[in-house]
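entry_5.txt follows (compact mmCIF, C-alpha atoms and all ligand atoms):
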```txt
# COMPACT_ATOMS: atom_id res chain seq x y z
CA MET A 1 43.18 2.69 -19.06
CA GLU A 2 42.63 -0.34 -16.86
CA ILE A 3 42.95 1.70 -13.65
CA ALA A 4 40.63 4.41 -14.98
CA THR A 5 38.05 1.77 -15.89
CA LEU A 6 38.32 0.21 -12.44
CA VAL A 7 37.84 3.54 -10.66
CA ASN A 8 34.89 4.27 -12.90
CA PHE A 9 33.40 0.89 -12.14
CA LYS A 10 33.87 1.19 -8.38
CA GLU A 11 32.41 4.68 -8.43
CA LYS A 12 29.35 3.43 -10.24
CA PHE A 13 28.94 0.54 -7.79
CA HIS A 14 29.21 2.73 -4.71
CA THR A 15 27.14 5.67 -5.94
CA PRO A 16 23.70 5.81 -4.29
CA PRO A 17 20.67 5.45 -6.60
CA PRO A 18 20.03 8.65 -8.55
CA ILE A 19 17.06 10.92 -7.75
CA TRP A 20 15.15 9.80 -10.86
CA PHE A 21 14.97 6.24 -9.55
CA LYS A 22 12.43 7.39 -6.94
CA SER A 23 10.03 8.55 -9.66
CA ILE A 24 10.15 5.09 -11.32
CA LYS A 25 9.31 3.49 -7.96
CA GLU A 26 6.47 5.95 -7.41
CA GLU A 27 5.04 5.22 -10.85
CA ALA A 28 5.25 1.45 -10.17
CA TYR A 29 3.47 1.91 -6.82
CA LYS A 30 0.73 3.99 -8.47
CA ARG A 31 0.09 1.40 -11.19
CA ILE A 32 0.01 -1.46 -8.68
CA SER A 33 -2.21 0.30 -6.13
CA GLU A 34 -4.75 1.22 -8.86
CA ALA A 35 -4.87 -2.28 -10.39
CA PRO A 36 -8.11 -4.34 -10.38
CA PHE A 37 -6.48 -7.25 -8.50
CA THR A 38 -6.04 -5.06 -5.41
CA GLU A 39 -9.84 -4.67 -5.17
CA VAL A 40 -10.19 -8.43 -4.75
CA CYS A 41 -7.65 -8.33 -1.91
CA LYS A 42 -9.10 -5.21 -0.26
CA GLN A 43 -12.60 -6.76 -0.27
CA ALA A 44 -11.12 -10.03 1.08
CA ASP A 45 -12.77 -11.95 -1.77
CA ILE A 46 -11.40 -15.37 -0.82
CA GLU A 47 -12.16 -17.12 -4.12
CA GLY A 48 -10.59 -14.25 -6.09
CA MET A 49 -7.54 -14.29 -3.81
CA LYS A 50 -7.13 -18.04 -4.33
CA ILE A 51 -7.09 -17.52 -8.11
CA LEU A 52 -4.55 -14.74 -7.69
CA ASP A 53 -2.33 -16.92 -5.49
CA GLN A 54 -2.47 -19.78 -8.03
CA ASN A 55 -2.02 -17.56 -11.09
CA LEU A 56 1.14 -15.92 -9.75
CA TRP A 57 2.62 -19.12 -8.31
CA PRO A 58 4.47 -20.35 -11.45
CA PHE A 59 6.50 -17.13 -11.49
CA ILE A 60 7.14 -17.15 -7.74
CA GLU A 61 8.20 -20.80 -7.81
CA LEU A 62 10.58 -20.20 -10.72
CA PHE A 63 12.07 -16.86 -9.57
CA PRO A 64 14.78 -18.27 -7.22
CA ARG A 65 16.13 -20.38 -10.12
CA LEU A 66 16.01 -17.41 -12.50
CA VAL A 67 18.10 -15.43 -10.01
CA GLN A 68 20.57 -18.26 -9.46
CA ARG A 69 21.07 -18.76 -13.18
CA GLY A 70 21.70 -15.03 -13.60
CA TYR A 71 25.45 -15.43 -13.22
CA LEU A 72 25.57 -17.36 -16.51
CA LYS A 73 24.70 -14.12 -18.27
CA LEU A 74 27.88 -12.55 -16.88
CA LEU A 75 30.26 -15.10 -18.31
CA LYS A 76 30.57 -13.61 -21.76
CA PRO A 77 33.90 -12.81 -23.39
CA LYS A 78 32.63 -9.46 -24.68
CA LEU A 79 31.94 -8.33 -21.09
CA PHE A 80 35.52 -9.18 -20.05
CA PHE A 81 36.70 -7.21 -23.05
CA ARG A 82 34.41 -4.27 -22.34
CA HIS A 83 34.96 -3.92 -18.57
CA GLY A 84 38.48 -5.30 -18.31
CA PHE A 85 39.50 -8.75 -17.10
CA PHE A 86 40.21 -7.90 -13.44
CA ASN A 87 37.09 -5.76 -13.10
CA MET A 88 35.02 -8.59 -14.44
CA ILE A 89 36.56 -11.18 -12.10
CA SER A 90 35.70 -8.96 -9.14
CA LEU A 91 32.29 -8.08 -10.57
CA VAL A 92 31.35 -11.68 -11.35
CA TYR A 93 32.52 -12.79 -7.89
CA GLN A 94 30.41 -10.13 -6.13
CA SER A 95 27.45 -10.86 -8.39
CA VAL A 96 27.57 -14.61 -7.72
CA VAL A 97 27.68 -14.02 -3.95
CA PHE A 98 24.69 -11.63 -4.17
CA LEU A 99 22.73 -13.79 -6.57
CA PHE A 100 23.10 -16.93 -4.44
CA SER A 101 22.07 -15.12 -1.25
CA ILE A 102 19.09 -13.53 -3.03
CA LYS A 103 18.15 -16.95 -4.40
CA SER A 104 18.09 -18.42 -0.86
CA ASP A 105 15.89 -15.60 0.42
CA GLU A 106 13.53 -15.94 -2.53
CA LYS A 107 13.25 -19.67 -1.92
CA ILE A 108 12.03 -18.88 1.61
CA HIS A 109 9.64 -16.25 0.20
CA SER A 110 8.15 -18.78 -2.22
CA ARG A 111 7.25 -21.02 0.74
CA LEU A 112 5.54 -18.04 2.37
CA TRP A 113 3.47 -17.63 -0.82
CA VAL A 114 2.30 -21.24 -0.42
CA ASP A 115 1.42 -20.46 3.23
CA ALA A 116 -0.78 -17.59 1.99
CA GLY A 117 -2.59 -19.94 -0.40
CA VAL A 118 -3.05 -22.58 2.31
CA ALA A 119 -4.44 -19.93 4.69
CA LEU A 120 -7.04 -19.15 2.02
CA GLY A 121 -8.03 -22.83 1.77
CA LEU A 122 -5.82 -24.15 -1.03
CA GLN A 123 -4.19 -27.57 -0.68
CA TYR A 124 -0.45 -28.02 -1.23
CA PRO A 125 0.80 -29.40 -3.58
CA GLU A 126 -2.30 -30.36 -5.57
CA ASP A 127 -3.65 -26.81 -6.02
CA PHE A 128 -0.24 -25.49 -7.06
CA LYS A 129 0.19 -27.56 -10.19
CA ASN A 130 -1.77 -25.50 -12.69
CA PRO A 131 0.15 -24.60 -15.85
CA PRO A 132 0.94 -20.89 -16.09
CA THR A 133 -1.70 -18.65 -17.66
CA PRO A 134 -0.62 -16.94 -20.92
CA GLN A 135 -0.19 -13.69 -18.93
CA THR A 136 2.01 -15.33 -16.30
CA ARG A 137 4.04 -17.02 -19.02
CA SER A 138 4.54 -13.65 -20.67
CA TRP A 139 5.65 -12.14 -17.33
CA ILE A 140 8.16 -14.99 -16.83
CA GLU A 141 9.44 -14.47 -20.36
CA GLU A 142 9.83 -10.72 -19.86
CA VAL A 143 12.10 -11.29 -16.83
CA SER A 144 14.05 -14.28 -18.16
CA ASN A 145 14.82 -12.90 -21.63
CA LYS A 146 17.21 -10.21 -20.39
CA SER A 147 20.64 -11.27 -21.62
CA ASP A 148 22.45 -8.00 -20.92
CA PRO A 149 23.60 -7.83 -17.24
CA THR A 150 22.28 -4.29 -16.69
CA GLU A 151 18.89 -5.24 -18.09
CA MET A 152 18.86 -8.44 -16.02
CA PHE A 153 19.63 -6.58 -12.78
CA PHE A 154 16.97 -3.95 -13.56
CA ALA A 155 14.54 -6.85 -14.16
CA PHE A 156 15.35 -8.32 -10.73
CA THR A 157 15.03 -4.83 -9.19
CA SER A 158 11.58 -4.60 -10.73
CA ILE A 159 10.48 -7.78 -8.94
CA GLU A 160 11.63 -6.33 -5.61
CA ILE A 161 9.67 -3.14 -6.32
CA ILE A 162 6.55 -5.12 -7.23
CA ALA A 163 6.73 -7.24 -4.06
CA GLU A 164 7.38 -4.23 -1.84
CA SER A 165 4.72 -2.01 -3.44
CA ALA A 166 1.96 -4.63 -3.37
CA SER A 167 2.82 -5.56 0.23
CA HIS A 168 2.96 -1.98 1.52
CA TYR A 169 -0.31 -1.11 -0.16
CA LEU A 170 -2.32 -4.21 0.77
CA LEU A 171 -1.14 -4.32 4.39
CA GLY A 172 -3.01 -1.04 4.84
CA PHE A 173 -6.33 -2.92 4.62
CA GLN A 174 -7.65 -4.71 7.68
CA LYS A 175 -9.98 -7.06 5.77
CA PHE A 176 -7.05 -8.27 3.69
CA LYS A 177 -4.92 -8.96 6.75
CA GLU A 178 -7.76 -10.80 8.49
CA ALA A 179 -8.44 -12.95 5.39
CA LEU A 180 -4.86 -14.23 5.43
CA GLY A 181 -4.44 -14.36 9.20
CA GLU A 182 -1.13 -14.65 11.00
CA LYS A 183 -0.12 -17.81 9.12
CA GLY A 184 -0.83 -16.43 5.66
CA ILE A 185 0.44 -12.86 5.92
CA GLY A 186 4.18 -13.68 6.06
CA TRP A 187 4.95 -13.10 2.36
CA PHE A 188 3.60 -9.56 2.63
CA THR A 189 5.20 -8.58 5.93
CA VAL A 190 8.62 -9.89 4.86
CA HIS A 191 8.52 -7.61 1.81
CA THR A 192 7.95 -4.49 3.88
CA ILE A 193 11.07 -4.86 6.04
CA ASP A 194 13.50 -2.06 5.27
CA HIS A 195 16.99 -3.57 4.76
CA GLY A 196 18.40 -0.20 3.70
CA ASP A 197 21.74 -0.30 1.96
CA ILE A 198 21.94 -4.11 1.80
CA SER A 199 18.44 -4.70 0.45
CA HIS A 200 18.09 -6.90 -2.64
CA GLU A 201 16.79 -3.88 -4.51
CA ASN A 202 19.79 -1.76 -3.64
CA LEU A 203 22.35 -4.47 -4.45
CA GLU A 204 20.69 -5.32 -7.76
CA LEU A 205 20.44 -1.68 -8.67
CA ARG A 206 24.11 -1.05 -7.92
CA LEU A 207 25.12 -4.00 -10.08
CA ALA A 208 22.85 -2.75 -12.87
CA PHE A 209 24.61 0.63 -12.77
CA ALA A 210 28.07 -0.92 -12.48
CA PHE A 211 27.58 -3.00 -15.63
CA ASP A 212 25.92 -0.21 -17.55
CA ASP A 213 27.70 1.37 -20.46
CA SER A 214 24.69 2.81 -22.22
CA SER A 215 25.52 4.41 -25.49
CA ASP A 216 22.29 4.03 -27.42
CA GLU A 217 19.92 4.70 -24.52
CA SER A 218 20.39 6.63 -21.26
CA THR A 219 20.50 4.60 -18.04
CA GLN A 220 17.38 6.37 -16.86
CA THR A 221 15.40 5.51 -20.02
CA LYS A 222 16.63 1.92 -19.87
CA ALA A 223 15.71 1.54 -16.17
CA ARG A 224 12.25 3.02 -16.74
CA ARG A 225 11.57 0.88 -19.83
CA ILE A 226 12.59 -2.38 -18.16
CA ILE A 227 11.22 -1.84 -14.66
CA LEU A 228 7.81 -0.48 -15.71
CA GLY A 229 7.62 -2.96 -18.62
CA ILE A 230 7.87 -5.81 -16.10
CA VAL A 231 5.42 -4.11 -13.72
CA ASP A 232 2.88 -4.05 -16.58
CA LYS A 233 3.44 -7.74 -17.34
CA PHE A 234 2.97 -8.53 -13.64
CA LEU A 235 -0.26 -6.51 -13.60
CA ALA A 236 -1.61 -8.43 -16.60
CA ALA A 237 -0.80 -11.71 -14.80
CA ALA A 238 -2.34 -10.53 -11.51
CA ASN A 239 -5.49 -9.15 -13.14
CA ALA A 240 -6.06 -12.28 -15.25
CA GLY A 241 -9.16 -14.16 -14.15
CA ILE A 242 -10.26 -11.43 -11.72
FE FE B 1 10.87 -11.93 -2.30
```
Could you spell out this file's structure in structure tokens?
Ligand SMILES: [Fe+2]
Amino acid sequence: MEIATLVNFKEKFHTPPPIWFKSIKEEAYKRISEAPFTEVCKQADIEGMKILDQNLWPFIELFPRLVQRGYLKLLKPKLFFRHGFFNMISLVYQSVVFLFSIKSDEKIHSRLWVDAGVALGLQYPEDFKNPPTPQTRSWIEEVSNKSDPTEMFFAFTSIEIIAESASHYLLGFQKFKEALGEKGIGWFTVHTIDHGDISHENLELRLAFAFDDSSDESTQTKARRIILGIVDKFLAAANAGI
């Protein structure tokens, strides 16, 4: 039983993302590229872009800590019971290593977000102290309330998809790039680098699948519900005040 579970777990962890995952990413990209906030960026509306930078900041500032704290959601007796003690030790160990490295990268990314704001004319730290808007608070809540490991890793995957989609799309517009300049564009360029198999998205996705033991809902339905649900919360936060 234990060996069978372990093989099953390892298989899940090493299996590449299923075909249907691509359609979720495509849907996320479509929703983001058609959102009102992108117009502000494409037109290089500096005042609108400043509001966008400030409105999204509370999430971006908090995200590295949300990722770091993620391991706490893995330390539940029922998970050790469900997946087997030795599987869980190995799974928690791998997760902690990934989560801490992702947290460090996201900390660097949050500084790049500040650089974008400063390039637009904001002052740090005084212009980055606004309390979160209701929409940004709701986006934070949607990501942080995932107590099940699979749901949590899908939530983190969603953030990677949002960052990558928005960056890929907006970097296609010259006015946008010129508005940010070389010093302000870093957050967007860093999210278009293809890290392939070891990307955050891929690692988070593999952990989501490894922990999954869906019985009430298929993995595909769960992934779609969580990832696109968070994309919609992000869009509400990004479109607020535009
Ligand atoms: Fe990032």
*Between A:Asn145, A:Gln174, A:Thr15, A:Ser167, which has the minimum distance to ligand FE 1 (chain B) (counting only C-alpha atoms and all ligand atoms)?*
A:Ser167
*asked:* 9 Å from ligand FE 1 (chain B) is the threshold here; counting all atoms listed in the file, which polymer residues fall inside it? Answer as a ChimeraX atom specification.
replied: /A:60,63-64,102,105-110,159-160,163-164,187,190-191,200
*Nearest to Asn239 in chain A: which of A:Leu79, A:Leu62, A:Val96, A:Thr133 is it, counting only C-alpha atoms?*
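Closest to Asn239 in chain A, using only C-alpha atoms: A:Thr133.
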*Neighbour list for Arg31 in chain A as a VMD selection string, cut-off 9 Å, only C-alpha atoms, skip fewer than 6 positions in-chain*: chain A and resid 231 to 232 235
_Under the rule that only C-alpha atoms are counted, which of A:Lys103, A:Lys233, A:Arg224, A:Lys73 is the nearest residue to Phe211 in chain A?_
A:Lys73
*Can you work out which one of A:Leu207, A:Ala119, A:Ala240, A:Met152 has the shortest atom-to-atom distance to Ile227 in chain A, counting only C-alpha atoms?*
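Checking each candidate against Ile227 in chain A, we get A:Met152 as the closest.
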*A:Val114, A:Ala236, A:Ala223, A:Ala155: which is nearest Phe21 in chain A, counting all atoms listed in the file?*
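Looking at the shortest contact to Phe21 in chain A, the residue is A:Ala223.
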*One-decimal distance in Å that lies between CA of Phe173 in chain A and CA of Leu112 in chain A*: 19.4 Å
_CA of Thr136 in chain A to CA of Ala35 in chain A, straight-line distance in Å_ =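 So the answer is 15.9 Å.
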